[in-house]
>>> print(open('coords.cif').read())   # mmCIF, C-alpha atoms
data_structure
loop_
_atom_site.label_atom_id
_atom_site.label_comp_id
_atom_site.auth_asym_id
_atom_site.auth_seq_id
_atom_site.Cartn_x
_atom_site.Cartn_y
_atom_site.Cartn_z
CA MET N 23 13.19 26.60 -75.56
CA ASP N 24 14.85 23.95 -77.73
CA LEU N 25 18.05 23.09 -75.83
CA THR N 26 19.67 21.10 -78.66
CA GLU N 27 23.28 21.99 -79.46
CA ARG N 28 23.90 21.62 -83.21
CA THR N 29 27.30 20.63 -84.56
CA ILE N 30 29.05 23.23 -86.71
CA SER N 31 32.33 21.33 -87.07
CA THR N 32 34.18 18.36 -85.58
CA ARG N 33 37.95 18.35 -85.13
CA PRO N 34 39.44 14.88 -84.54
CA ILE N 35 42.25 14.98 -81.95
CA PHE N 36 43.16 11.40 -81.09
CA ASN N 37 42.14 7.89 -82.07
CA GLY N 38 43.42 5.39 -79.51
CA ARG N 39 43.15 1.76 -78.57
CA ILE N 40 40.10 2.32 -76.35
CA ILE N 41 38.99 5.95 -76.56
CA SER N 42 39.06 8.71 -79.12
CA LEU N 43 38.84 12.45 -78.62
CA GLN N 44 37.28 15.21 -80.71
CA VAL N 45 36.45 18.87 -80.27
CA ASP N 46 33.09 19.98 -81.64
CA GLU N 47 32.07 23.56 -82.30
CA VAL N 48 28.36 23.86 -81.59
CA THR N 49 25.50 26.32 -81.94
CA LEU N 50 23.90 27.16 -78.59
CA PRO N 51 20.15 27.64 -77.99
CA ASN N 52 20.64 31.45 -77.96
CA GLY N 53 22.44 31.42 -81.32
CA GLY N 54 25.92 31.73 -79.82
CA THR N 55 28.67 29.19 -80.29
CA ALA N 56 30.80 27.09 -77.93
CA THR N 57 33.30 24.24 -78.08
CA ARG N 58 32.67 20.78 -76.60
CA GLU N 59 35.54 18.40 -75.79
CA ILE N 60 34.15 14.90 -76.36
CA VAL N 61 35.63 11.50 -75.50
CA LYS N 62 34.20 8.62 -77.53
CA HIS N 63 34.12 5.23 -75.81
CA PRO N 64 32.79 1.88 -77.11
CA GLY N 65 30.55 1.40 -74.06
CA ALA N 66 30.90 -1.11 -71.26
CA VAL N 67 29.08 -3.66 -69.17
CA ALA N 68 29.06 -4.36 -65.43
CA VAL N 69 27.53 -7.20 -63.44
CA ILE N 70 25.87 -7.50 -60.05
CA ALA N 71 26.60 -11.13 -59.18
CA VAL N 72 25.49 -12.41 -55.78
CA THR N 73 26.27 -15.93 -54.61
CA GLY N 74 25.71 -17.31 -51.13
CA GLY N 75 24.51 -13.86 -50.03
CA LYS N 76 27.79 -12.23 -51.08
CA LEU N 77 28.56 -9.75 -53.88
CA LEU N 78 31.40 -10.70 -56.23
CA VAL N 79 33.94 -7.88 -56.58
CA VAL N 80 37.38 -7.50 -58.11
CA GLU N 81 40.29 -5.47 -56.87
CA GLN N 82 42.46 -3.90 -59.56
CA TYR N 83 44.85 -1.03 -60.10
CA ARG N 84 43.25 1.92 -61.83
CA LYS N 85 46.03 3.88 -63.48
CA PRO N 86 44.03 7.10 -64.07
CA LEU N 87 43.43 7.31 -60.30
CA GLU N 88 46.83 5.79 -59.34
CA ARG N 89 45.23 3.51 -56.78
CA LEU N 90 43.68 0.11 -56.17
CA GLN N 91 39.91 0.01 -56.35
CA VAL N 92 37.32 -2.63 -55.55
CA GLU N 93 34.63 -2.77 -58.22
CA ILE N 94 31.98 -5.11 -59.53
CA PRO N 95 33.11 -7.13 -62.57
CA ALA N 96 33.07 -4.92 -65.68
CA GLY N 97 34.69 -4.36 -69.02
CA LYS N 98 34.31 -2.59 -72.29
CA LEU N 99 32.26 -3.87 -75.18
CA ASP N 100 34.22 -5.55 -77.93
CA GLY N 101 33.13 -4.24 -81.35
CA GLY N 102 29.54 -5.18 -82.14
CA GLU N 103 29.25 -7.48 -79.13
CA ASP N 104 25.83 -8.03 -77.56
CA PRO N 105 25.93 -6.33 -74.13
CA ALA N 106 24.26 -9.25 -72.32
CA GLU N 107 26.80 -11.69 -73.77
CA ALA N 108 29.60 -9.27 -72.86
CA ALA N 109 28.32 -9.17 -69.29
CA LYS N 110 28.43 -12.97 -69.02
CA ARG N 111 31.90 -13.00 -70.62
CA GLU N 112 33.33 -10.37 -68.26
CA LEU N 113 31.88 -12.14 -65.23
CA ARG N 114 33.48 -15.42 -66.32
CA GLU N 115 36.84 -13.91 -67.32
CA GLU N 116 37.25 -11.82 -64.17
CA THR N 117 35.74 -14.08 -61.50
CA GLY N 118 35.49 -17.56 -63.03
CA TYR N 119 31.73 -17.63 -62.42
CA ASP N 120 29.28 -18.60 -65.13
CA CYS N 121 25.65 -17.54 -64.93
CA GLU N 122 22.43 -18.85 -66.46
CA LYS N 123 21.16 -15.42 -67.46
CA VAL N 124 21.55 -11.70 -66.93
CA ALA N 125 18.82 -9.04 -66.62
CA LEU N 126 19.44 -5.39 -67.53
CA LEU N 127 19.02 -3.07 -64.52
CA HIS N 128 20.26 0.31 -65.84
CA SER N 129 22.08 1.68 -68.88
CA MET N 130 23.96 4.58 -67.35
CA ALA N 131 25.98 7.49 -68.72
CA THR N 132 29.06 7.82 -66.56
CA SER N 133 30.40 11.28 -67.50
CA PRO N 134 27.81 12.97 -69.71
CA GLY N 135 29.65 16.31 -69.66
CA PHE N 136 32.67 15.07 -71.61
CA ALA N 137 32.21 11.42 -72.64
CA ASP N 138 29.64 9.24 -74.42
CA GLU N 139 30.43 6.15 -72.32
CA VAL N 140 27.36 4.13 -71.36
CA ILE N 141 27.63 1.22 -68.93
CA HIS N 142 24.98 -1.48 -69.16
CA LEU N 143 24.52 -2.77 -65.61
CA TYR N 144 23.17 -6.32 -65.35
CA VAL N 145 22.01 -8.58 -62.54
CA ALA N 146 23.31 -12.14 -62.96
CA GLU N 147 21.24 -15.16 -61.96
CA GLY N 148 22.10 -18.83 -61.52
CA LEU N 149 25.81 -18.60 -60.73
CA THR N 150 28.19 -21.56 -60.92
CA SER N 151 31.89 -21.30 -60.18
CA GLY N 152 34.78 -22.12 -62.52
CA ASP N 153 38.19 -20.73 -63.47
CA ALA N 154 38.91 -17.06 -64.10
CA SER N 155 40.78 -15.99 -67.25
CA PRO N 156 41.57 -12.27 -67.17
CA ASP N 157 42.91 -10.43 -70.22
CA GLU N 158 46.69 -10.58 -70.58
CA ASP N 159 47.13 -6.98 -69.36
CA GLU N 160 44.56 -7.34 -66.57
CA PHE N 161 45.60 -8.30 -63.04
CA LEU N 162 43.07 -8.61 -60.27
CA ASN N 163 42.01 -10.18 -57.00
CA VAL N 164 38.49 -11.57 -56.58
CA PHE N 165 36.52 -11.20 -53.35
CA ALA N 166 32.96 -11.88 -52.22
CA TYR N 167 31.54 -9.25 -49.85
CA THR N 168 28.70 -9.55 -47.39
CA PRO N 169 26.38 -6.52 -47.28
CA GLU N 170 28.26 -5.30 -44.20
CA GLU N 171 31.63 -5.74 -45.92
CA ALA N 172 30.37 -3.80 -48.96
CA SER N 173 29.17 -0.93 -46.74
CA GLN N 174 32.50 -0.95 -44.92
CA ALA N 175 34.42 -0.86 -48.21
CA ILE N 176 32.40 2.21 -49.23
CA ALA N 177 33.01 3.85 -45.84
CA ASP N 178 36.79 3.33 -46.00
CA GLY N 179 37.06 4.24 -49.70
CA ARG N 180 38.08 0.89 -51.21
CA ILE N 181 34.83 1.05 -53.17
CA CYS N 182 34.39 4.50 -54.70
CA ASP N 183 33.38 4.08 -58.32
CA ALA N 184 29.92 5.06 -59.46
CA LYS N 185 28.81 1.74 -60.97
CA THR N 186 29.76 -0.18 -57.82
CA LEU N 187 28.03 2.36 -55.57
CA ILE N 188 24.87 1.88 -57.65
CA ALA N 189 25.31 -1.89 -57.42
CA VAL N 190 25.54 -1.80 -53.62
CA TYR N 191 22.57 0.56 -53.24
CA ALA N 192 20.53 -1.59 -55.64
CA TRP N 193 21.53 -4.84 -53.93
CA GLN N 194 20.72 -3.55 -50.46
CA ARG N 195 17.39 -2.21 -51.75
CA TYR N 196 16.68 -5.61 -53.32
CA MET N 197 17.35 -7.33 -49.98
CA SER N 198 14.83 -5.11 -48.20
CA THR N 199 12.15 -4.84 -50.92
CA GLY N 200 12.56 -8.04 -52.97
CA SER N 201 12.76 -6.12 -56.27
CA TRP N 202 15.55 -4.61 -58.36
CA GLY N 203 15.49 -1.01 -59.53
CA VAL N 204 14.34 2.21 -57.89
CA MET G 20 50.88 -9.77 -55.79
CA ASP G 21 51.50 -6.02 -55.97
CA LEU G 22 49.04 -4.82 -58.62
CA THR G 23 50.55 -1.34 -59.01
CA GLU G 24 51.20 -0.18 -62.58
CA ARG G 25 54.34 1.99 -62.68
CA THR G 26 54.72 4.79 -65.21
CA ILE G 27 57.54 4.38 -67.74
CA SER G 28 56.65 7.42 -69.85
CA THR G 29 53.85 9.93 -70.36
CA ARG G 30 52.96 11.32 -73.77
CA PRO G 31 50.78 14.47 -73.67
CA ILE G 32 48.17 14.45 -76.44
CA PHE G 33 45.77 17.33 -75.79
CA ASN G 34 45.30 20.14 -73.30
CA GLY G 35 41.81 21.58 -73.56
CA ARG G 36 39.46 23.97 -71.84
CA ILE G 37 38.07 21.28 -69.50
CA ILE G 38 39.93 17.99 -70.05
CA SER G 39 43.38 16.92 -71.10
CA LEU G 40 44.52 13.61 -72.54
CA GLN G 41 47.75 11.66 -72.16
CA VAL G 42 48.99 8.19 -73.03
CA ASP G 43 51.11 6.47 -70.38
CA GLU G 44 53.34 3.49 -70.95
CA VAL G 45 53.27 1.37 -67.79
CA THR G 46 54.96 -1.64 -66.24
CA LEU G 47 52.50 -4.43 -65.42
CA PRO G 48 52.63 -6.64 -62.31
CA ASN G 49 54.11 -9.49 -64.41
CA GLY G 50 56.91 -7.28 -65.75
CA GLY G 51 55.28 -6.70 -69.14
CA THR G 52 54.28 -3.31 -70.47
CA ALA G 53 51.02 -1.76 -71.64
CA THR G 54 49.65 1.63 -72.67
CA ARG G 55 46.95 3.49 -70.74
CA GLU G 56 44.88 6.26 -72.35
CA ILE G 57 44.09 8.71 -69.57
CA VAL G 58 41.72 11.69 -69.49
CA LYS G 59 42.50 14.27 -66.81
CA HIS G 60 39.56 16.21 -65.43
CA PRO G 61 39.49 18.88 -62.69
CA GLY G 62 36.81 17.02 -60.70
CA ALA G 63 33.21 17.98 -60.13
CA VAL G 64 30.48 18.35 -57.55
CA ALA G 65 26.84 17.29 -57.54
CA VAL G 66 24.05 18.07 -55.09
CA ILE G 67 21.08 16.15 -53.71
CA ALA G 68 18.69 19.00 -52.87
CA VAL G 69 15.23 18.09 -51.58
CA THR G 70 12.62 20.74 -50.86
CA GLY G 71 8.98 20.09 -50.02
CA GLY G 72 9.57 16.37 -50.49
CA LYS G 73 10.80 16.88 -54.08
CA LEU G 74 14.24 16.43 -55.64
CA LEU G 75 15.62 19.40 -57.61
CA VAL G 76 16.80 18.35 -61.07
CA VAL G 77 17.90 20.14 -64.21
CA GLU G 78 17.28 19.20 -67.81
CA GLN G 79 20.07 20.01 -70.23
CA TYR G 80 21.47 18.96 -73.57
CA ARG G 81 24.48 16.66 -73.28
CA LYS G 82 26.44 16.99 -76.49
CA PRO G 83 28.55 13.81 -76.02
CA LEU G 84 25.32 11.77 -75.88
CA GLU G 85 23.40 14.01 -78.35
CA ARG G 86 20.34 14.07 -76.11
CA LEU G 87 18.57 15.85 -73.31
CA GLN G 88 19.16 14.43 -69.85
CA VAL G 89 17.65 15.12 -66.45
CA GLU G 90 20.34 15.25 -63.77
CA ILE G 91 20.84 16.58 -60.29
CA PRO G 92 22.61 19.98 -60.20
CA ALA G 93 26.32 19.53 -60.87
CA GLY G 94 29.36 21.19 -62.30
CA LYS G 95 33.10 21.05 -62.49
CA LEU G 96 35.42 22.44 -59.87
CA ASP G 97 36.93 25.79 -60.71
CA GLY G 98 40.69 25.75 -60.04
CA GLY G 99 41.46 25.33 -56.35
CA GLU G 100 37.84 25.77 -55.32
CA ASP G 101 36.61 24.12 -52.11
CA PRO G 102 34.23 21.32 -53.19
CA ALA G 103 31.59 22.17 -50.57
CA GLU G 104 31.55 25.81 -51.71
CA ALA G 105 31.40 24.66 -55.33
CA ALA G 106 28.38 22.49 -54.50
CA LYS G 107 26.55 25.48 -52.98
CA ARG G 108 27.54 27.64 -55.97
CA GLU G 109 26.33 25.13 -58.58
CA LEU G 110 23.04 24.61 -56.74
CA ARG G 111 22.46 28.38 -56.69
CA GLU G 112 23.57 29.00 -60.28
CA GLU G 113 21.56 26.16 -61.78
CA THR G 114 18.39 26.17 -59.66
CA GLY G 115 18.34 29.50 -57.81
CA TYR G 116 18.23 27.72 -54.46
CA ASP G 117 20.56 28.66 -51.61
CA CYS G 118 21.30 26.19 -48.84
CA GLU G 119 22.50 26.55 -45.26
CA LYS G 120 24.99 23.71 -45.50
CA VAL G 121 26.05 20.67 -47.48
CA ALA G 122 27.22 17.27 -46.21
CA LEU G 123 29.49 14.98 -48.26
CA LEU G 124 27.80 11.67 -49.10
CA HIS G 125 30.26 10.05 -51.57
CA SER G 126 33.34 11.02 -53.57
CA MET G 127 32.95 8.83 -56.63
CA ALA G 128 35.14 7.94 -59.59
CA THR G 129 32.94 8.03 -62.68
CA SER G 130 35.07 6.24 -65.30
CA PRO G 131 38.09 4.74 -63.53
CA GLY G 132 39.23 2.83 -66.61
CA PHE G 133 40.08 5.92 -68.66
CA ALA G 134 39.53 9.08 -66.58
CA ASP G 135 40.55 10.53 -63.22
CA GLU G 136 37.26 12.42 -62.76
CA VAL G 137 35.93 12.33 -59.19
CA ILE G 138 32.49 13.74 -58.37
CA HIS G 139 31.90 14.88 -54.81
CA LEU G 140 28.23 14.21 -54.10
CA TYR G 141 26.67 16.37 -51.38
CA VAL G 142 23.35 16.47 -49.58
CA ALA G 143 22.08 20.05 -49.20
CA GLU G 144 20.16 21.17 -46.11
CA GLY G 145 18.14 24.27 -45.34
CA LEU G 146 17.05 25.31 -48.84
CA THR G 147 15.68 28.73 -49.70
CA SER G 148 14.65 29.77 -53.20
CA GLY G 149 16.07 32.65 -55.24
CA ASP G 150 17.06 33.37 -58.84
CA ALA G 151 19.09 31.01 -61.04
CA SER G 152 22.14 32.32 -62.93
CA PRO G 153 23.54 29.62 -65.25
CA ASP G 154 26.89 30.02 -67.01
CA GLU G 155 26.67 31.88 -70.31
CA ASP G 156 27.02 28.68 -72.35
CA GLU G 157 24.66 26.67 -70.11
CA PHE G 158 20.97 26.36 -70.91
CA LEU G 159 18.67 24.34 -68.70
CA ASN G 160 15.19 23.75 -67.32
CA VAL G 161 14.69 23.20 -63.59
CA PHE G 162 12.19 20.69 -62.22
CA ALA G 163 11.33 19.26 -58.80
CA TYR G 164 10.47 15.54 -58.83
CA THR G 165 8.46 13.53 -56.32
CA PRO G 166 9.94 10.07 -55.56
CA GLU G 167 7.45 8.57 -58.01
CA GLU G 168 8.39 11.07 -60.72
CA ALA G 169 12.08 10.31 -60.20
CA SER G 170 11.45 6.56 -60.52
CA GLN G 171 9.37 7.19 -63.65
CA ALA G 172 12.15 9.33 -65.16
CA ILE G 173 14.59 6.46 -64.59
CA ALA G 174 12.15 3.95 -66.09
CA ASP G 175 11.62 6.02 -69.26
CA GLY G 176 15.28 6.99 -69.63
CA ARG G 177 15.13 10.75 -68.98
CA ILE G 178 17.36 10.10 -65.97
CA CYS G 179 20.23 7.82 -66.94
CA ASP G 180 23.44 9.29 -65.58
CA ALA G 181 25.30 7.54 -62.80
CA LYS G 182 25.41 10.39 -60.27
CA THR G 183 21.65 10.97 -60.53
CA LEU G 184 20.91 7.24 -60.23
CA ILE G 185 22.96 7.20 -57.03
CA ALA G 186 21.13 10.31 -55.82
CA VAL G 187 17.72 8.70 -56.35
CA TYR G 188 18.75 5.40 -54.72
CA ALA G 189 20.25 7.30 -51.77
CA TRP G 190 17.23 9.59 -51.40
CA GLN G 191 14.75 6.71 -51.49
CA ARG G 192 16.89 4.80 -48.97
CA TYR G 193 16.95 7.91 -46.77
CA MET G 194 13.17 8.13 -46.87
CA SER G 195 12.81 4.53 -45.68
CA THR G 196 15.69 4.38 -43.17
CA GLY G 197 16.15 8.01 -42.05
CA SER G 198 19.90 7.95 -42.79
CA TRP G 199 22.06 8.82 -45.78
CA GLY G 200 24.62 6.40 -47.20
CA VAL G 201 24.63 2.66 -47.68
#
>>> encode(input="coords.cif", output="structure tokens")
Amino acid sequence: MDLTERTISTRPIFNGRIISLQVDEVTLPNGGTATREIVKHPGAVAVIAVTGGKLLVVEQYRKPLERLQVEIPAGKLDGGEDPAEAAKRELREETGYDCEKVALLHSMATSPGFADEVIHLYVAEGLTSGDASPDEDEFLNVFAYTPEEASQAIADGRICDAKTLIAVYAWQRYMSTGSWGV
Amino acid sequence: MDLTERTISTRPIFNGRIISLQVDEVTLPNGGTATREIVKHPGAVAVIAVTGGKLLVVEQYRKPLERLQVEIPAGKLDGGEDPAEAAKRELREETGYDCEKVALLHSMATSPGFADEVIHLYVAEGLTSGDASPDEDEFLNVFAYTPEEASQAIADGRICDAKTLIAVYAWQRYMSTGSWGV
């Protein structure tokens, strides 16, 4: 059976600074119809950056969740920006670290049921430290976690976002197997 | 520095069948103000279900991404539903498998920058097969992947969503260490 849902109509709801929202009416595989509430997002990058055996993470307030979270450095793509360059930029802005190069590990859909956001997750190599320069509405604390500290932060809930969970699993797998990916 | 962003005002934009959208004006840690576009979601569950050494996955069309994806069984919480019961229900509806019990592995924020969605990821134990009964607007194919097939599906992009990446990392870690989590 062809599972494709074909668009009958698109109703724009909201066009914001970061996301937009639309409601699509679609044809289902059995000929019926349904509505799909869809958030459009420009996409984002995130970076696994390890220096001196420690993972660079940033603590910031996440308003949608009304709590502090510890996450790997990340940020949305600026219009037309190359994801690899964006990854280097976000790493530098949020942590002050430059890197020689980044390698793509996964391009992941975060919420495929209601959003088109894709995060490109990179591994940074050749880190050198410098000065951080967060965006003007971005406030954060930078930490470097040992593997044990990262596991502890997951256990006590400071780390709970999907991209950072993947980063910690991938990093710990890398330390035991010598290769990235799964 | 206290990083908390305090709400000045909330403007409701949309109240849909699954998500709602609001724009909050907030006070920043430096006393300035900013807007935050926030999607509210009821939360969801996902299930790592392994039977005969294979991971149960479902293929479905994801309208926001306009493509088929292979994911672990998952679904949103119905109002007030216990997440563990929801996990058992989704596993049964989507794959036909019942399970004796489920154990919580992670509660993960999927898109903390713009959404409050949290997915409760469970490991199912004691699987027995039966008949699937998807929702009336849900069309899917069920597969069972070996570890090699899961890695191949990640490599060729059929698997690309965050919860399923975490599931595969966690499952492969479990097979080498004998314990869930990281």
>>> closest_residue(input="coords.cif", among="G:Thr114, G:Thr196, G:Thr129, G:Thr147", to="chain N", atoms="all atoms listed in the file")
G:Thr129
>>> interface_residues(input="coords.cif", of="chain N", to="chain G", cutoff="6 Å", atoms="only C-alpha atoms", output="MDAnalysis selection string")
chainID N and resid 25:26 60 83 86:87 130:132 137:138 173 182:184 188 204
>>> write_last_selection(input="coords.cif", atoms="C-alpha atoms", output="mmCIF file, in the frame of the given file")
data_model
loop_
_atom_site.group_PDB
_atom_site.id
_atom_site.type_symbol
_atom_site.label_atom_id
_atom_site.label_comp_id
_atom_site.auth_asym_id
_atom_site.auth_seq_id
_atom_site.Cartn_x
_atom_site.Cartn_y
_atom_site.Cartn_z
ATOM 1 C CA LEU N 25 18.050 23.090 -75.830
ATOM 2 C CA THR N 26 19.670 21.100 -78.660
ATOM 3 C CA ILE N 60 34.150 14.900 -76.360
ATOM 4 C CA TYR N 83 44.850 -1.030 -60.100
ATOM 5 C CA PRO N 86 44.030 7.100 -64.070
ATOM 6 C CA LEU N 87 43.430 7.310 -60.300
ATOM 7 C CA MET N 130 23.960 4.580 -67.350
ATOM 8 C CA ALA N 131 25.980 7.490 -68.720
ATOM 9 C CA THR N 132 29.060 7.820 -66.560
ATOM 10 C CA ALA N 137 32.210 11.420 -72.640
ATOM 11 C CA ASP N 138 29.640 9.240 -74.420
ATOM 12 C CA SER N 173 29.170 -0.930 -46.740
ATOM 13 C CA CYS N 182 34.390 4.500 -54.700
ATOM 14 C CA ASP N 183 33.380 4.080 -58.320
ATOM 15 C CA ALA N 184 29.920 5.060 -59.460
ATOM 16 C CA ILE N 188 24.870 1.880 -57.650
ATOM 17 C CA VAL N 204 14.340 2.210 -57.890
#
>>> atom_distance(input="coords.cif", atom1="CA of Val77 (chain G)", atom2="CA of Leu110 (chain G)")
10.1 Å
>>> atom_distance(input="coords.cif", atom1="CA of Glu104 (chain G)", atom2="CA of Glu168 (chain G)")
28.9 Å
>>> closest_residue(input="coords.cif", among="N:Leu99, N:Val92, N:Ala125, N:Ala154", to="Trp202 (chain N)", atoms="all atoms listed in the file")
N:Ala125
>>> atom_distance(input="coords.cif", atom1="CA of Asp150 (chain G)", atom2="CA of Gly72 (chain G)")
20.4 Å
>>> residues_around(input="coords.cif", residues="Gly99 (chain G)", least_positions_apart="6", cutoff="12 Å", atoms="all atoms listed in the file", output="list in words")
Pro61, Gly62, Ala63 and Ala105 of chain G
>>> resolve_selection(input="coords.cif", expression="the PyMOL selection byres ((chain N and resi 109) around 10)", output="JSON, numbers by chain")
{"N": [66, 67, 68, 69, 70, 95, 96, 97, 98, 99, 104, 105, 106, 107, 108, 110, 111, 112, 113, 114, 115, 121, 123, 124, 125, 126, 142, 143, 144, 145, 146]}
>>> closest_residue(input="coords.cif", among="G:Asp117, G:Gly197, G:Asp175, G:Gly98", to="Ala68 (chain G)", atoms="all atoms listed in the file")
G:Asp117
